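First up is the structure itself, then whatever we jot down about it.
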Amino acid sequence: MSTPFYVSPQQAMADRAEYARKGIARGRSVVVLQYTDGVVFVAENPSRALHKVSEIYDRIAFAAVGKYNEFENLRIGGVRYADLRGYTYDRDDVTARGLANVYAQTLGTIFSSAGEKPYEVELIVAEVGAGPEDDQIYRLPHDGSIVDEHGSVAVGGNADQISNYLDQRHRDGMTLSEALKLAVESLTRDNNGGERTLTAEQLEVAVLDRTRPQQRKFKRLLGRQLSRLLEDGTPGAEPGTEPETAPEEGGEASAES
């Protein structure tokens with residue numbers, strides 16, 4: 001009888017981590033920044049059907065890169081968790097920290113399981129508070145660990161280079177227009193130090209705006225409003241416009257997003 005091939009647990013976990021990182025790196029980046037009135041999400045995403053940024057609950061939003069079908073399953077699970085907890089207890093009991101813990105357990109279980117491949121996703125969960133000091137941003141890598149972020153964070157693609165660019169330029173008290181322009185500038189930089197051009201049609205942008213009078217603080221920035229913010233910072237719509245309706249649980253799967 002031949003001796004079975006042995007792989008140490010450390011090597012097996014390292015191989016799984018490398019597999020997941022390569023899948024995540026193929027996805028276009030997402031940037032999340034704090035600004036004076038909330039949190040802005042900016043993703044390079046020309047698709048209008050497959051969203052990388054979505055609303056989860058009143059003050060909570062979700063962003064992801066990697067395999068669309070995998071992070072879409074996680075998004076749907078997050079919406080169900082938030083709805084159930086808010087209905088069973090109180091809407092204020094639904095927090096980004098609690099949701100991040102649920103995602104961490106799910107990702108960690110999948111990553112350590114030998115029976116299935118690790119998820120090729122990296123997530124950001126953010127919650128807008130009453131003031132900038134109360135905002136919460138959590139980054140969740142493929143292995144289920146939780147990183148508490150402040151100010152700015154980038155995931156996917158060349159996230160390390162983008163994060164360094166943001167760390168040097170992001171500051172407290174930025175306006176929405178300033179934060180949006182900084183996010184786009186960081187996304188246009190490639191690995192070779194050059195710059196690309198990104199138009200409003202190539203971007204997916206949303207905010208958690210603490211100044212909105214509605215209970216739901218999530219709002220997408222689209223069309224002329226987004227173009228004006230990118231060009232000269234002139235707001236294109238009043239804060240009181242209706243937020244996005246509750247996300248639907250479905251959609252076609254794409255390889256990487």
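In the structure tokens, the first chain shown is A, the next is B, and so on; residue numbers restart at 1 for each chain, and ligands run from 1 in the order shown.
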
Show me a table, sorted first by chain and then by increasing residue number, of the residues of region 106-206 of chain A having an atom at most 10 Å from region 65-73 of chain A, each with its shortest atom pair and the distance in Å to one decimal, counting only C-alpha atoms and written as a Markdown table.
```
| residue | atom | partner | partner_atom | distance |
| --- | --- | --- | --- | --- |
| A:Tyr119 | CA | A:Glu70 | CA | 6.7 |
| A:Glu120 | CA | A:Gly66 | CA | 5.5 |
| A:Val121 | CA | A:Gly66 | CA | 4.5 |
| A:Glu122 | CA | A:Val65 | CA | 5.6 |
| A:Leu123 | CA | A:Val65 | CA | 6.8 |
| A:Ile124 | CA | A:Val65 | CA | 9.1 |
| A:His142 | CA | A:Gly66 | CA | 9.8 |
| A:Val155 | CA | A:Val65 | CA | 6.9 |
| A:Gly156 | CA | A:Val65 | CA | 5.7 |
| A:Gly157 | CA | A:Val65 | CA | 8.6 |
```

Where does region 101-162 of chain A meet region 208-218 of chain A within 9 Å, residue by residue, with the nearest atom pair and distance in Å to one decimal for each, counting only C-alpha atoms, listed by chain and rising number, as a tab-separated table?
```
residue	atom	partner	partner_atom	distance
A:Ala126	CA	A:Leu208	CA	8.6
A:Glu127	CA	A:Leu208	CA	7.6
A:Val128	CA	A:Leu208	CA	6.1
A:Gly129	CA	A:Arg210	CA	6.9
A:Ala130	CA	A:Arg210	CA	6.6
A:Gly131	CA	A:Arg210	CA	7.8
```

Go ahead and write the residues just picked, N, CA, C and O atoms, as a PDB file, in the first residue's frame.
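To be explicit, this is the file written out as again_0.pdb:
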```pdb
ATOM      1  N   ALA A 126     -20.189  49.134   7.056  1.00  0.00           N
ATOM      2  CA  ALA A 126     -20.076  50.464   7.652  1.00  0.00           C
ATOM      3  C   ALA A 126     -21.405  50.900   8.231  1.00  0.00           C
ATOM      4  O   ALA A 126     -22.473  50.564   7.714  1.00  0.00           O
ATOM      5  N   GLU A 127     -21.325  51.661   9.313  1.00  0.00           N
ATOM      6  CA  GLU A 127     -22.507  52.227   9.959  1.00  0.00           C
ATOM      7  C   GLU A 127     -22.252  53.699  10.237  1.00  0.00           C
ATOM      8  O   GLU A 127     -21.191  54.075  10.743  1.00  0.00           O
ATOM      9  N   VAL A 128     -23.217  54.541   9.898  1.00  0.00           N
ATOM     10  CA  VAL A 128     -23.085  55.966  10.157  1.00  0.00           C
ATOM     11  C   VAL A 128     -23.715  56.270  11.512  1.00  0.00           C
ATOM     12  O   VAL A 128     -24.795  55.774  11.838  1.00  0.00           O
ATOM     13  N   GLY A 129     -23.016  57.059  12.321  1.00  0.00           N
ATOM     14  CA  GLY A 129     -23.495  57.408  13.652  1.00  0.00           C
ATOM     15  C   GLY A 129     -24.029  58.819  13.717  1.00  0.00           C
ATOM     16  O   GLY A 129     -24.148  59.517  12.700  1.00  0.00           O
ATOM     17  N   ALA A 130     -24.325  59.279  14.933  1.00  0.00           N
ATOM     18  CA  ALA A 130     -24.842  60.631  15.120  1.00  0.00           C
ATOM     19  C   ALA A 130     -23.796  61.680  14.795  1.00  0.00           C
ATOM     20  O   ALA A 130     -24.116  62.796  14.397  1.00  0.00           O
ATOM     21  N   GLY A 131     -22.521  61.340  14.952  1.00  0.00           N
ATOM     22  CA  GLY A 131     -21.415  62.231  14.622  1.00  0.00           C
ATOM     23  C   GLY A 131     -20.277  61.432  14.032  1.00  0.00           C
ATOM     24  O   GLY A 131     -20.267  60.196  14.106  1.00  0.00           O
TER      25      GLY A 131
END
```

Within region 47-193 of chain A, find each residue whose DSSP state, derived from the backbone, is alpha helix (DSSP H), and express the selection as a ChimeraX atom specification.
/A:68-88,96-112,159-169,176-187

Mind writing the picked residues with C-alpha atoms as a compact mmCIF listing (two decimals), in the first residue's frame?
```
# COMPACT_ATOMS: atom_id res chain seq x y z
CA TYR A 68 -20.26 38.14 -7.22
CA ASN A 69 -22.33 35.05 -6.45
CA GLU A 70 -20.43 34.53 -3.19
CA PHE A 71 -20.70 38.04 -1.80
CA GLU A 72 -24.30 38.31 -3.01
CA ASN A 73 -25.16 35.28 -0.84
CA LEU A 74 -23.49 37.01 2.10
CA ARG A 75 -25.38 40.25 1.42
CA ILE A 76 -28.72 38.43 1.36
CA GLY A 77 -27.84 36.68 4.63
CA GLY A 78 -26.95 40.05 6.18
CA VAL A 79 -30.28 41.58 5.14
CA ARG A 80 -32.17 38.63 6.65
CA TYR A 81 -30.16 38.81 9.88
CA ALA A 82 -30.78 42.55 10.21
CA ASP A 83 -34.51 42.30 9.48
CA LEU A 84 -35.00 39.45 11.94
CA ARG A 85 -33.02 41.09 14.73
CA GLY A 86 -34.70 44.46 14.22
CA TYR A 87 -38.16 42.86 14.24
CA THR A 88 -37.49 40.58 17.21
CA ALA A 96 -22.46 47.09 12.03
CA ARG A 97 -20.45 45.41 14.77
CA GLY A 98 -23.03 42.67 15.20
CA LEU A 99 -23.29 42.15 11.45
CA ALA A 100 -19.51 42.04 11.10
CA ASN A 101 -19.35 39.34 13.78
CA VAL A 102 -21.91 37.25 11.90
CA TYR A 103 -19.96 37.61 8.65
CA ALA A 104 -16.70 36.77 10.45
CA GLN A 105 -18.13 33.52 11.77
CA THR A 106 -19.44 32.55 8.34
CA LEU A 107 -16.22 33.37 6.47
CA GLY A 108 -14.04 31.77 9.15
CA THR A 109 -16.04 28.53 9.07
CA ILE A 110 -15.85 28.31 5.28
CA PHE A 111 -12.15 29.17 5.22
CA SER A 112 -11.20 26.48 7.75
CA ALA A 159 -5.76 47.84 -2.48
CA ASP A 160 -2.37 48.34 -0.80
CA GLN A 161 -1.33 51.08 -3.20
CA ILE A 162 -4.73 52.77 -2.99
CA SER A 163 -4.72 52.61 0.82
CA ASN A 164 -1.29 54.26 0.99
CA TYR A 165 -2.51 57.03 -1.34
CA LEU A 166 -5.59 57.61 0.81
CA ASP A 167 -3.70 57.54 4.12
CA GLN A 168 -1.48 60.38 2.90
CA ARG A 169 -4.33 62.59 1.68
CA LEU A 176 -18.67 64.95 0.17
CA SER A 177 -17.25 66.41 -3.02
CA GLU A 178 -13.70 66.42 -1.64
CA ALA A 179 -13.97 62.83 -0.39
CA LEU A 180 -15.51 61.66 -3.67
CA LYS A 181 -12.79 63.28 -5.77
CA LEU A 182 -10.06 61.79 -3.55
CA ALA A 183 -11.62 58.34 -3.87
CA VAL A 184 -11.76 58.58 -7.67
CA GLU A 185 -8.17 59.85 -7.81
CA SER A 186 -7.03 56.83 -5.81
CA LEU A 187 -8.91 54.41 -8.08
```

Using DSSP assignments from the backbone, pull out every residue in region 80-166 of chain A that falls under strand (DSSP E) and give it to me as a PyMOL selection string.
chain A and resi 121-127+136-140+147-149+152-155

Output the selection as a PDB file, in the first residue's frame - N, CA and C atoms for each residue.
```pdb
ATOM      1  N   VAL A 121     -13.746  36.543  -1.492  1.00  0.00           N
ATOM      2  CA  VAL A 121     -14.405  37.819  -1.258  1.00  0.00           C
ATOM      3  C   VAL A 121     -13.692  38.578  -0.147  1.00  0.00           C
ATOM      4  N   GLU A 122     -13.838  39.891  -0.202  1.00  0.00           N
ATOM      5  CA  GLU A 122     -13.429  40.757   0.895  1.00  0.00           C
ATOM      6  C   GLU A 122     -14.540  41.776   1.088  1.00  0.00           C
ATOM      7  N   LEU A 123     -14.968  41.968   2.338  1.00  0.00           N
ATOM      8  CA  LEU A 123     -16.150  42.764   2.636  1.00  0.00           C
ATOM      9  C   LEU A 123     -15.805  44.010   3.432  1.00  0.00           C
ATOM     10  N   ILE A 124     -16.668  45.016   3.308  1.00  0.00           N
ATOM     11  CA  ILE A 124     -16.657  46.188   4.182  1.00  0.00           C
ATOM     12  C   ILE A 124     -18.071  46.394   4.698  1.00  0.00           C
ATOM     13  N   VAL A 125     -18.210  46.525   5.999  1.00  0.00           N
ATOM     14  CA  VAL A 125     -19.483  46.840   6.630  1.00  0.00           C
ATOM     15  C   VAL A 125     -19.319  48.167   7.355  1.00  0.00           C
ATOM     16  N   ALA A 126     -20.189  49.134   7.056  1.00  0.00           N
ATOM     17  CA  ALA A 126     -20.076  50.464   7.652  1.00  0.00           C
ATOM     18  C   ALA A 126     -21.405  50.900   8.231  1.00  0.00           C
ATOM     19  N   GLU A 127     -21.325  51.661   9.313  1.00  0.00           N
ATOM     20  CA  GLU A 127     -22.507  52.227   9.959  1.00  0.00           C
ATOM     21  C   GLU A 127     -22.252  53.699  10.237  1.00  0.00           C
ATOM     22  N   GLN A 136     -18.694  53.715  12.194  1.00  0.00           N
ATOM     23  CA  GLN A 136     -17.989  52.447  12.311  1.00  0.00           C
ATOM     24  C   GLN A 136     -17.742  51.869  10.924  1.00  0.00           C
ATOM     25  N   ILE A 137     -16.507  51.436  10.670  1.00  0.00           N
ATOM     26  CA  ILE A 137     -16.147  50.795   9.409  1.00  0.00           C
ATOM     27  C   ILE A 137     -15.339  49.540   9.740  1.00  0.00           C
ATOM     28  N   TYR A 138     -15.793  48.389   9.234  1.00  0.00           N
ATOM     29  CA  TYR A 138     -15.107  47.130   9.481  1.00  0.00           C
ATOM     30  C   TYR A 138     -14.765  46.472   8.148  1.00  0.00           C
ATOM     31  N   ARG A 139     -13.539  46.009   8.041  1.00  0.00           N
ATOM     32  CA  ARG A 139     -13.099  45.262   6.862  1.00  0.00           C
ATOM     33  C   ARG A 139     -12.959  43.797   7.244  1.00  0.00           C
ATOM     34  N   LEU A 140     -13.514  42.918   6.391  1.00  0.00           N
ATOM     35  CA  LEU A 140     -13.469  41.483   6.664  1.00  0.00           C
ATOM     36  C   LEU A 140     -12.792  40.769   5.509  1.00  0.00           C
ATOM     37  N   VAL A 147     -11.145  43.735  10.870  1.00  0.00           N
ATOM     38  CA  VAL A 147     -10.226  44.862  11.017  1.00  0.00           C
ATOM     39  C   VAL A 147     -11.058  46.124  11.185  1.00  0.00           C
ATOM     40  N   ASP A 148     -10.873  46.804  12.312  1.00  0.00           N
ATOM     41  CA  ASP A 148     -11.592  48.045  12.596  1.00  0.00           C
ATOM     42  C   ASP A 148     -10.856  49.193  11.903  1.00  0.00           C
ATOM     43  N   GLU A 149     -11.499  49.816  10.927  1.00  0.00           N
ATOM     44  CA  GLU A 149     -10.861  50.849  10.127  1.00  0.00           C
ATOM     45  C   GLU A 149     -11.375  52.234  10.522  1.00  0.00           C
ATOM     46  N   SER A 152     -10.412  55.900   6.132  1.00  0.00           N
ATOM     47  CA  SER A 152     -10.508  55.379   4.767  1.00  0.00           C
ATOM     48  C   SER A 152     -10.062  53.928   4.727  1.00  0.00           C
ATOM     49  N   VAL A 153     -10.574  53.197   3.727  1.00  0.00           N
ATOM     50  CA  VAL A 153     -10.191  51.796   3.534  1.00  0.00           C
ATOM     51  C   VAL A 153     -10.429  51.437   2.078  1.00  0.00           C
ATOM     52  N   ALA A 154      -9.600  50.560   1.541  1.00  0.00           N
ATOM     53  CA  ALA A 154      -9.747  50.076   0.171  1.00  0.00           C
ATOM     54  C   ALA A 154      -9.615  48.567   0.165  1.00  0.00           C
ATOM     55  N   VAL A 155     -10.371  47.899  -0.718  1.00  0.00           N
ATOM     56  CA  VAL A 155     -10.286  46.453  -0.874  1.00  0.00           C
ATOM     57  C   VAL A 155     -10.285  46.114  -2.359  1.00  0.00           C
TER      58      VAL A 155
END
```

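The smallest atom-to-atom distance between Glu44 (chain A) and any of A:Ala206, A:Leu230, A:Ala114, A:Leu198, using only C-alpha atoms, is found for A:Leu198.
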
CA of Lys22 (chain A) sits from CA of Leu50 (chain A) at a separation of 21.2 Å

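Nearest to Asp58 (chain A) of all the residues A:His150, A:Arg189, A:Arg91, A:Arg21 is A:Arg91, based on only C-alpha atoms.
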
Counting only C-alpha atoms, which of A:Arg28, A:Arg59, A:Lys117, A:Arg196 gets nearest to Lys219 (chain A)?
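Smallest distance to Lys219 (chain A) is found for A:Arg59.
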